[in-house]
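**Student:** What follows is run33.cif, mmCIF, C-alpha atoms.
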```cif
data_target
#
loop_
_atom_site.label_atom_id
_atom_site.label_comp_id
_atom_site.auth_asym_id
_atom_site.auth_seq_id
_atom_site.Cartn_x
_atom_site.Cartn_y
_atom_site.Cartn_z
CA MET A 1 8.81 -13.26 -10.14
CA SER A 2 5.32 -12.98 -11.54
CA PHE A 3 3.61 -14.99 -14.29
CA ASP A 4 0.24 -13.78 -15.61
CA LEU A 5 -1.81 -16.80 -16.69
CA GLY A 6 -4.76 -14.77 -17.98
CA VAL A 7 -4.07 -12.49 -20.94
CA LEU A 8 -7.24 -12.64 -23.03
CA ALA A 9 -5.98 -11.07 -26.26
CA THR A 10 -7.18 -13.24 -29.12
CA ASP A 11 -4.83 -11.91 -31.75
CA ALA A 12 -1.29 -13.33 -31.77
CA THR A 13 -0.04 -10.11 -33.42
CA GLU A 14 -0.58 -8.34 -30.09
CA ILE A 15 2.05 -10.50 -28.40
CA ASP A 16 4.75 -7.87 -29.08
CA ALA A 17 2.78 -5.08 -27.39
CA PHE A 18 1.99 -7.31 -24.41
CA SER A 19 5.61 -8.46 -24.23
CA ASP A 20 6.86 -4.85 -24.10
CA MET A 21 4.46 -3.98 -21.30
CA ALA A 22 5.17 -7.22 -19.41
CA SER A 23 8.92 -6.52 -19.56
CA LYS A 24 8.39 -2.98 -18.24
CA LEU A 25 6.35 -4.35 -15.33
CA GLY A 26 8.88 -7.07 -14.51
CA LEU A 27 6.74 -10.09 -15.40
CA ILE A 28 8.56 -13.29 -16.33
CA GLY A 29 5.81 -14.43 -18.67
CA PHE A 30 2.15 -14.61 -19.53
CA ALA A 31 -0.39 -17.01 -21.01
CA ILE A 32 -2.35 -15.85 -24.06
CA ILE A 33 -5.34 -17.30 -25.89
CA GLY A 34 -4.33 -16.34 -29.42
CA LEU A 35 -1.04 -18.29 -29.49
CA HIS A 36 -1.41 -21.32 -31.75
CA SER A 37 2.18 -22.49 -32.05
CA GLU A 38 4.06 -24.39 -29.33
CA PRO A 39 2.72 -24.53 -25.73
CA LEU A 40 5.63 -22.47 -24.35
CA LYS A 41 7.47 -19.88 -26.40
CA THR A 42 10.52 -17.92 -25.28
CA ILE A 43 10.25 -14.27 -26.36
CA THR A 44 13.37 -12.93 -24.66
CA GLU A 45 15.79 -14.31 -22.09
CA ASN A 46 13.54 -13.13 -19.27
CA LEU A 47 10.10 -13.49 -20.82
CA GLN A 48 8.11 -16.56 -21.84
CA VAL A 49 4.67 -16.81 -23.39
CA CYS A 50 2.47 -19.89 -23.19
CA ASN A 51 -0.83 -20.72 -24.81
CA ARG A 52 -4.10 -21.08 -22.99
CA ILE A 53 -7.44 -22.55 -23.96
CA ILE A 54 -10.81 -21.76 -22.34
CA LEU A 55 -13.40 -24.54 -22.52
CA HIS A 56 -16.86 -23.01 -22.98
CA GLY A 57 -18.96 -26.19 -23.24
CA LYS A 58 -22.38 -26.24 -21.58
CA SER A 59 -22.44 -29.99 -20.84
CA ILE A 60 -19.88 -32.41 -19.43
CA ASN A 61 -19.76 -34.36 -22.71
CA SER A 62 -19.05 -31.21 -24.68
CA VAL A 63 -16.19 -30.14 -22.37
CA ARG A 64 -14.81 -33.70 -22.19
CA SER A 65 -14.66 -34.02 -25.98
CA GLN A 66 -12.92 -30.63 -26.23
CA ILE A 67 -10.34 -31.41 -23.59
CA ASP A 68 -9.41 -34.73 -25.23
CA LYS A 69 -8.48 -32.82 -28.37
CA ILE A 70 -6.61 -29.87 -26.91
CA ARG A 71 -4.88 -30.96 -23.67
CA ARG A 72 -1.55 -31.87 -25.26
CA LYS A 73 -1.52 -28.66 -27.30
CA ALA A 74 -2.20 -26.16 -24.52
CA MET A 75 -0.12 -25.20 -21.50
CA ILE A 76 -3.11 -23.86 -19.55
CA VAL A 77 -6.69 -25.17 -19.72
CA SER A 78 -9.45 -23.29 -17.90
CA VAL A 79 -13.19 -23.70 -17.39
CA PRO A 80 -15.45 -20.74 -16.47
CA LEU A 81 -17.50 -21.06 -13.30
CA ARG A 82 -20.96 -21.66 -14.80
CA SER A 83 -22.97 -24.91 -14.80
CA ILE A 84 -22.55 -26.79 -11.52
CA ASP A 85 -22.30 -30.20 -13.27
CA VAL A 86 -19.52 -29.04 -15.56
CA ILE A 87 -17.65 -27.20 -12.83
CA ASN A 88 -17.73 -30.16 -10.42
CA TRP A 89 -16.48 -32.43 -13.18
CA ALA A 90 -13.73 -29.92 -14.07
CA ALA A 91 -12.72 -29.52 -10.42
CA GLU A 92 -11.96 -33.25 -10.18
CA ASP A 93 -10.37 -33.65 -13.61
CA LYS A 94 -6.57 -33.36 -13.40
CA ARG A 95 -6.37 -32.08 -16.99
CA VAL A 96 -8.12 -28.83 -16.04
CA ASP A 97 -5.82 -26.26 -14.45
CA LEU A 98 -8.09 -23.33 -13.59
CA LEU A 99 -11.71 -22.64 -12.66
CA THR A 100 -12.39 -19.02 -13.61
CA VAL A 101 -14.79 -16.86 -11.61
CA ASP A 102 -17.16 -15.15 -14.03
CA SER A 103 -17.91 -11.65 -12.72
CA THR A 104 -20.95 -11.24 -14.99
CA LEU A 105 -22.82 -14.20 -13.53
CA ASP A 106 -24.14 -14.91 -10.07
CA ASN A 107 -22.65 -18.41 -9.96
CA ARG A 108 -20.68 -18.67 -6.77
CA LEU A 109 -17.99 -21.17 -5.86
CA ARG A 110 -19.49 -23.84 -3.59
CA ASP A 111 -17.71 -25.41 -0.64
CA THR A 112 -18.10 -28.88 -2.15
CA THR A 113 -16.65 -27.77 -5.49
CA SER A 114 -13.67 -26.11 -3.84
CA ARG A 115 -12.95 -29.26 -1.78
CA LEU A 116 -13.02 -31.36 -4.97
CA ALA A 117 -10.71 -28.84 -6.64
CA ALA A 118 -8.31 -28.81 -3.69
CA ALA A 119 -8.04 -32.62 -3.91
CA GLY A 120 -7.59 -32.47 -7.71
CA ASN A 121 -5.00 -29.66 -7.65
CA THR A 122 -7.25 -27.40 -9.69
CA TYR A 123 -6.87 -23.69 -8.95
CA LEU A 124 -9.36 -20.85 -8.73
CA GLU A 125 -8.64 -18.01 -11.14
CA ILE A 126 -9.62 -14.43 -10.33
CA GLN A 127 -9.31 -12.01 -13.25
CA ILE A 128 -8.84 -8.38 -12.23
CA ALA A 129 -9.95 -6.80 -15.54
CA PRO A 130 -13.62 -6.38 -14.51
CA LEU A 131 -12.45 -4.43 -11.44
CA LEU A 132 -10.47 -2.01 -13.61
CA LYS A 133 -13.36 -1.33 -15.98
CA SER A 134 -16.06 -0.76 -13.37
CA SER A 135 -16.79 1.65 -10.54
CA GLY A 136 -19.35 2.26 -7.80
CA LEU A 137 -22.10 -0.29 -7.32
CA THR A 138 -20.99 -2.50 -10.22
CA ARG A 139 -17.47 -2.77 -8.77
CA SER A 140 -18.90 -3.42 -5.34
CA LYS A 141 -20.90 -6.38 -6.67
CA ILE A 142 -17.83 -7.78 -8.44
CA LEU A 143 -15.78 -7.37 -5.24
CA LYS A 144 -18.47 -9.22 -3.27
CA SER A 145 -18.44 -12.11 -5.73
CA TYR A 146 -14.62 -12.28 -5.81
CA ARG A 147 -14.16 -11.96 -2.04
CA GLU A 148 -16.70 -14.73 -1.37
CA SER A 149 -15.06 -17.02 -3.93
CA VAL A 150 -11.55 -16.36 -2.54
CA SER A 151 -12.74 -16.99 1.03
CA THR A 152 -14.47 -20.26 0.07
CA ALA A 153 -11.43 -21.47 -1.86
CA MET A 154 -8.95 -20.59 0.89
CA ASP A 155 -11.10 -22.27 3.57
CA ALA A 156 -11.18 -25.48 1.51
CA GLY A 157 -7.44 -25.43 0.78
CA MET A 158 -7.96 -24.69 -2.92
CA GLY A 159 -5.20 -22.57 -4.46
CA VAL A 160 -6.11 -19.15 -5.84
CA VAL A 161 -4.36 -17.58 -8.81
CA LEU A 162 -4.66 -13.87 -9.66
CA THR A 163 -4.54 -12.98 -13.35
CA SER A 164 -5.04 -9.78 -15.32
CA GLY A 165 -7.71 -10.90 -17.81
CA ALA A 166 -6.27 -8.14 -19.98
CA ILE A 167 -7.43 -7.56 -23.55
CA HIS A 168 -5.12 -4.55 -23.86
CA PRO A 169 -1.47 -4.16 -22.70
CA MET A 170 -2.51 -1.42 -20.24
CA GLY A 171 -4.64 -4.04 -18.48
CA LEU A 172 -1.46 -5.73 -17.18
CA ARG A 173 -0.31 -4.95 -13.64
CA SER A 174 3.02 -5.39 -11.87
CA SER A 175 3.46 -8.09 -9.23
CA VAL A 176 3.27 -5.53 -6.38
CA ALA A 177 0.07 -4.03 -7.83
CA MET A 178 -1.48 -7.49 -8.19
CA ALA A 179 -0.52 -8.37 -4.61
CA HIS A 180 -2.36 -5.29 -3.35
CA ILE A 181 -5.45 -6.31 -5.33
CA GLY A 182 -5.11 -9.74 -3.71
CA ILE A 183 -5.16 -8.10 -0.28
CA LEU A 184 -8.26 -6.16 -1.40
CA LEU A 185 -9.86 -9.53 -2.14
CA GLY A 186 -9.21 -10.84 1.38
CA MET A 187 -5.82 -12.54 1.05
CA ASP A 188 -2.91 -11.89 3.39
CA ARG A 189 0.27 -10.51 1.81
CA ALA A 190 2.14 -13.83 1.67
CA TYR A 191 -0.81 -15.62 0.05
CA ALA A 192 -1.30 -12.75 -2.43
CA ASP A 193 2.39 -12.95 -3.40
CA SER A 194 2.08 -16.69 -4.04
CA ALA A 195 -1.16 -16.17 -6.03
CA ILE A 196 0.77 -14.21 -8.66
CA GLY A 197 4.20 -15.82 -8.37
CA SER A 198 4.85 -19.31 -7.09
CA LEU A 199 1.41 -20.86 -7.77
CA PRO A 200 1.16 -19.87 -11.46
CA TRP A 201 4.75 -20.96 -12.00
CA SER A 202 4.09 -24.32 -10.29
CA ILE A 203 1.20 -24.91 -12.76
CA ILE A 204 3.52 -24.14 -15.69
CA GLU A 205 6.22 -26.49 -14.35
CA ARG A 206 3.69 -29.27 -13.70
CA ASN A 207 2.30 -28.97 -17.23
CA MET A 208 5.72 -28.77 -18.85
CA LYS A 209 6.42 -32.21 -17.37
CA LYS A 210 3.06 -33.50 -18.58
CA LEU A 211 3.65 -32.24 -22.12
CA GLN A 212 6.96 -34.08 -22.45
CA PRO A 213 6.74 -37.02 -24.91
CA GLY A 214 7.71 -39.69 -22.35
CA PHE A 215 5.12 -38.65 -19.74
CA VAL A 216 2.52 -41.33 -18.89
CA SER A 217 1.06 -40.17 -15.56
CA ASN A 218 2.29 -38.59 -12.34
CA GLY A 219 5.46 -40.47 -11.30
CA VAL A 220 5.41 -42.69 -14.42
CA GLU A 221 7.35 -41.85 -17.55
CA VAL A 222 9.01 -43.70 -20.41
CA LEU A 223 12.78 -43.53 -19.87
CA GLN A 224 13.84 -45.77 -22.72
CA LYS A 225 11.86 -47.61 -25.39
CA GLY A 226 12.64 -51.26 -26.08
CA GLU A 227 13.01 -52.69 -29.56
CA GLU A 228 10.01 -54.36 -31.14
CA LYS A 229 10.51 -58.04 -31.98
CA MET B 1 -3.25 15.90 18.49
CA LYS B 2 -1.31 12.71 17.94
CA LYS B 3 1.15 12.94 15.09
CA VAL B 4 0.36 10.46 12.30
CA ARG B 5 3.30 8.80 10.61
CA ARG B 6 3.58 9.40 6.88
CA ARG B 7 4.70 7.15 4.10
CA TYR B 8 6.04 8.09 0.68
CA LEU B 9 5.37 5.98 -2.40
CA LEU B 10 7.49 6.05 -5.54
CA PHE B 11 5.33 5.11 -8.52
CA LYS B 12 5.21 5.02 -12.28
CA LEU B 13 2.07 5.64 -14.28
CA HIS B 14 2.16 3.69 -17.56
CA ARG B 15 -0.25 5.11 -20.11
CA ASP B 16 -1.32 5.27 -23.73
CA ARG B 17 -0.41 8.36 -25.72
CA PRO B 18 -1.87 11.51 -24.06
CA VAL B 19 -0.09 12.98 -21.05
CA ILE B 20 -1.89 12.73 -17.70
CA GLU B 21 -1.56 15.85 -15.54
CA ASP B 22 -0.86 15.56 -11.82
CA LYS B 23 -4.25 17.05 -10.92
CA GLN B 24 -6.04 14.48 -13.08
CA LEU B 25 -4.05 11.65 -11.48
CA SER B 26 -4.65 12.97 -7.97
CA LEU B 27 -8.39 13.31 -8.61
CA ALA B 28 -8.59 9.78 -10.06
CA ILE B 29 -6.86 8.26 -7.00
CA TRP B 30 -9.09 10.29 -4.63
CA LYS B 31 -12.23 9.14 -6.46
CA SER B 32 -11.13 5.51 -6.42
CA LEU B 33 -10.20 5.73 -2.73
CA LEU B 34 -13.55 7.32 -1.93
CA SER B 35 -15.45 4.70 -3.90
CA LEU B 36 -13.57 1.72 -2.40
CA TYR B 37 -13.19 2.77 1.25
CA GLY B 38 -15.59 5.69 1.85
CA GLU B 39 -15.32 9.31 2.89
CA ILE B 40 -13.73 8.81 6.34
CA GLN B 41 -10.90 6.61 5.06
CA ALA B 42 -10.30 8.92 2.09
CA ALA B 43 -10.09 11.95 4.38
CA ASP B 44 -7.80 10.17 6.86
CA SER B 45 -5.40 9.10 4.09
CA LYS B 46 -4.10 12.70 3.68
CA LEU B 47 -3.19 11.76 0.13
CA TYR B 48 -1.02 14.25 -1.71
CA ILE B 49 1.10 13.99 -4.84
CA ILE B 50 4.30 15.79 -4.02
CA ASP B 51 6.20 15.14 -7.22
CA TYR B 52 5.13 13.96 -10.67
CA ASN B 53 6.89 13.97 -14.02
CA GLU B 54 4.20 14.10 -16.69
CA SER B 55 6.44 12.90 -19.50
CA THR B 56 7.92 9.84 -17.76
CA GLY B 57 4.91 9.14 -15.54
CA GLU B 58 7.14 8.77 -12.46
CA GLY B 59 6.23 10.46 -9.24
CA ILE B 60 6.05 10.40 -5.47
CA LEU B 61 2.89 10.50 -3.40
CA GLN B 62 2.46 10.96 0.32
CA CYS B 63 -0.16 9.43 2.60
CA THR B 64 -0.52 8.28 6.20
CA LEU B 65 1.01 4.96 7.26
CA PRO B 66 -2.32 3.27 8.17
CA SER B 67 -3.82 4.15 4.78
CA LEU B 68 -0.86 3.12 2.60
CA GLN B 69 -2.28 -0.27 1.56
CA GLN B 70 -5.65 1.33 0.79
CA VAL B 71 -4.11 4.11 -1.29
CA ILE B 72 -2.07 1.64 -3.33
CA ALA B 73 -5.09 -0.65 -3.83
CA ALA B 74 -7.23 2.32 -4.91
CA ALA B 75 -4.54 3.48 -7.37
CA VAL B 76 -3.87 0.11 -8.98
CA VAL B 77 -7.54 -0.56 -9.77
CA ILE B 78 -7.76 2.62 -11.86
CA GLY B 79 -8.20 1.41 -15.43
CA GLU B 80 -8.40 4.75 -17.24
CA ILE B 81 -8.08 8.47 -16.59
CA ASN B 82 -10.04 10.81 -18.86
CA GLY B 83 -10.39 8.07 -21.48
CA THR B 84 -6.69 7.18 -21.42
CA ALA B 85 -5.88 3.59 -20.42
CA VAL B 86 -3.38 3.57 -17.55
CA SER B 87 -1.50 1.09 -15.40
CA PHE B 88 -0.31 2.33 -12.00
CA GLU B 89 2.89 0.63 -10.84
CA PRO B 90 3.92 1.05 -7.17
CA LYS B 91 7.71 0.86 -7.07
CA LYS B 92 8.95 1.58 -3.57
CA THR B 93 7.68 2.85 -0.23
CA SER B 94 9.64 4.66 2.45
CA GLY B 95 9.23 6.77 5.56
CA THR B 96 11.29 9.56 4.02
CA ILE B 97 11.65 11.01 0.53
CA LYS B 98 15.40 10.55 0.84
CA GLY B 99 14.81 6.85 1.42
CA LEU B 100 13.07 6.50 -1.95
CA ASN B 101 16.14 7.71 -3.81
CA ARG B 102 18.54 5.27 -2.14
#
```
Show me the file's structure as structure tokens.

**Tutor:**
Amino acid sequence: MSFDLGVLATDATEIDAFSDMASKLGLIGFAIIGLHSEPLKTITENLQVCNRIILHGKSINSVRSQIDKIRRKAMIVSVPLRSIDVINWAAEDKRVDLLTVDSTLDNRLRDTTSRLAAAGNTYLEIQIAPLLKSSGLTRSKILKSYRESVSTAMDAGMGVVLTSGAIHPMGLRSSVAMAHIGILLGMDRAYADSAIGSLPWSIIERNMKKLQPGFVSNGVEVLQKGEEK
Amino acid sequence: MKKVRRRYLLFKLHRDRPVIEDKQLSLAIWKSLLSLYGEIQAADSKLYIIDYNESTGEGILQCTLPSLQQVIAAAVVIGEINGTAVSFEPKKTSGTIKGLNR
């Protein structure tokens, strides 16, 4: 059971091609940026697609204003690992699901940030696409960045989620392939399996509850509305 | 010389249109293994593709038991072969070829 939370195709027309490939690889679903309909869409009996939004704001105010508008429309909300102010705010905010390691930048995940994220149930996202496109020294630098981030997150008790970051259906990988990439990044086999299976699915389940109309906060929901007098 | 135990891996190579030949696939895995783990590990892997169907993309490769994880990791991070986007899917591992077909 594997759910890919990081398909980066921006065109909803590509959903069919991704769905075909995901079915062949045995995935049970994926999150895509270009989906603008409902948060979770059932494609076939065994495959679900959910929408994802990446918040690119440079300041806390910018990201905060964006998240107020989109949280109830998106199943997955992620923030790239860039400005330290924004990332520390995002790590604590329960509306943010994922902090994404950016392979093109030198920003590393700090111990303090990962401890905040562990307390706020925010997960670290590692996208494998840059590893597939690169080789030699470039790949070595990406591996260094990813391995350090994974190690910091695991030491602090922050969950790590492996995603494809695919912009093309061939960028998807099966659960076994992803688990081996997880081991390459310093995880043990059991942790790597959870990073592509149980952890992504637990985020989806948590957010499905939050997106229900009666949800107020964790443990509090409207069961029945009284009549107005 | 101590006998090294072998492992066999059943795999499927998903690809865009053009067919990938077994030599091209073998070379791509060797290069990736060499780049990720170095010359000693690549040599010790004794990697060899013993069966490969170019039209379906299914095949069996052989390597040593200690290098199995490294060979799979090297294969799955291959993004393209000769300009063709590919996705390597490990399906099953076994100590014997017969075991793969069970």

**Student:** With 7 Å as the limit and counting only C-alpha atoms, what residues in chain A lie close to chain B? Please list them as a PyMOL selection string.

**Tutor:** chain A and resi 131-133+136+170-171+173-174+176-177+180-181+184

**Student:** Output C-alpha atoms for every residue in that selection, as a PDB file, keeping the file's coordinate frame.

**Tutor:**
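Output file again_11.pdb is given in full below:
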```
ATOM      1  CA  LEU A 131     -12.450  -4.430 -11.440  1.00  0.00           C
ATOM      2  CA  LEU A 132     -10.470  -2.010 -13.610  1.00  0.00           C
ATOM      3  CA  LYS A 133     -13.360  -1.330 -15.980  1.00  0.00           C
ATOM      4  CA  GLY A 136     -19.350   2.260  -7.800  1.00  0.00           C
ATOM      5  CA  MET A 170      -2.510  -1.420 -20.240  1.00  0.00           C
ATOM      6  CA  GLY A 171      -4.640  -4.040 -18.480  1.00  0.00           C
ATOM      7  CA  ARG A 173      -0.310  -4.950 -13.640  1.00  0.00           C
ATOM      8  CA  SER A 174       3.020  -5.390 -11.870  1.00  0.00           C
ATOM      9  CA  VAL A 176       3.270  -5.530  -6.380  1.00  0.00           C
ATOM     10  CA  ALA A 177       0.070  -4.030  -7.830  1.00  0.00           C
ATOM     11  CA  HIS A 180      -2.360  -5.290  -3.350  1.00  0.00           C
ATOM     12  CA  ILE A 181      -5.450  -6.310  -5.330  1.00  0.00           C
ATOM     13  CA  LEU A 184      -8.260  -6.160  -1.400  1.00  0.00           C
TER      14      LEU A 184
END
```

**Student:** Set the distance at 10 Å and use all atoms listed in the file: which residues neighbour Leu99 of chain A once local chain neighbours fewer than 6 positions away are removed? I'd like the list as a list in words.

**Tutor:**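 Counting all atoms listed in the file, the residues come to Ile54, Val77, Ser78, Val79, Pro80, Leu81, Arg82, Ile87, Asn88, Ala90, Ala91, Leu109, Ser114, Ala117, Thr122, Tyr123, Leu124, Glu125, Ile126, Val160 and Val161 of chain A.
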
**Student:** Can you measure atom CA of Trp89 of chain A to atom CA of Leu55 of chain A for me? One decimal in Å is fine.

**Tutor:**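 One can read the atom CA of Trp89 of chain A to atom CA of Leu55 of chain A distance as 12.6 Å.
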
**Student:** Evaluate the PyMOL selection byres ((chain A and resi 169) around 7) and record the selected residues as a ChimeraX atom specification, following the chain and residue labels used in the document.

**Tutor:** /A:17-18,21,166-168,170-172

**Student:** Within 10 Å of (-15.8, -6.0, -12.3) in the file's own coordinates, which protein, DNA or RNA residues have an atom, counting only C-alpha atoms? List them as number ranges by chain.

**Tutor:** A: 102-104, 127-135, 137-146

**Student:** Tell me which residues the PyMOL selection byres ((chain A and resi 44) around 10) grabs here, as a compact mmCIF listing (two decimals) with C-alpha atoms, keeping the file's coordinate frame.

**Tutor:**
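Wrote expr16.txt, looks like this:
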```
# COMPACT_ATOMS: atom_id res chain seq x y z
CA SER A 19 5.61 -8.46 -24.23
CA SER A 23 8.92 -6.52 -19.56
CA ILE A 28 8.56 -13.29 -16.33
CA GLY A 29 5.81 -14.43 -18.67
CA LYS A 41 7.47 -19.88 -26.40
CA THR A 42 10.52 -17.92 -25.28
CA ILE A 43 10.25 -14.27 -26.36
CA GLU A 45 15.79 -14.31 -22.09
CA ASN A 46 13.54 -13.13 -19.27
CA LEU A 47 10.10 -13.49 -20.82
CA GLN A 48 8.11 -16.56 -21.84
CA VAL A 49 4.67 -16.81 -23.39
```

**Student:** For this file, the PyMOL selection byres ((chain B and resi 10) around 9) selects which residues, as a VMD selection string?

**Tutor:** chain B and resid 8 to 9 11 to 12 58 to 61 89 to 94 97 100 to 101

**Student:** As a list of chain:residue names, please: the residues near segment 44-56 of chain B (cut-off 7 Å, all atoms listed in the file, same-chain neighbours under 2 positions excluded).

**Tutor:**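 In the requested form, the answer reads B:Val19, B:Ile20, B:Glu21, B:Asp22, B:Ser26, B:Ile40, B:Gln41, B:Ala42, B:Glu58, B:Gly59, B:Ile60, B:Leu61, B:Gln62, B:Cys63, B:Thr64, B:Ser67.
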
**Student:** Just how far from atom CA of Asp155 of chain A is atom CA of Phe30 of chain A, in Å to one decimal?

**Tutor:**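 A separation of 27.7 Å between them.
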
**Student:** Separation of atom CA of Lys24 of chain A and atom CA of Leu25 of chain B, in Å?

**Tutor:** 20.4 Å

**Student:** Just want the 8 Å neighbourhood of Glu38 of chain A, counted on all atoms listed in the file, with same-chain residues fewer than 4 positions away dropped. Output as an MDAnalysis selection string.

**Tutor:** chainID A and resid 50:51 73

**Student:** For the residues in that selection, give me C-alpha atoms as a PDB file, in the coordinates of the input.

**Tutor:**
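part26.pdb was written with the following content:
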```pdb
ATOM      1  CA  CYS A  50       2.470 -19.890 -23.190  1.00  0.00           C
ATOM      2  CA  ASN A  51      -0.830 -20.720 -24.810  1.00  0.00           C
ATOM      3  CA  LYS A  73      -1.520 -28.660 -27.300  1.00  0.00           C
TER       4      LYS A  73
END
```

**Student:** May I ask which of the residues A:Ile76, A:Leu223, A:Leu185, A:Ala119 is the closest one to Asp4 of chain A, counting all atoms listed in the file?

**Tutor:**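 Closest to Asp4 of chain A of all the choices is A:Ile76.
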
**Student:** For segment 114-124 of chain A, take all atoms listed in the file, fit an axis-aligned box around them, add 3 Å to each of the six sides, then output centre and edge lengths in Å rounded to one decimal, as JSON.

**Tutor:**
```
{"center_x": -9.3, "center_y": -26.7, "center_z": -5.7, "size_x": 14.7, "size_y": 17.8, "size_z": 13.9}
```
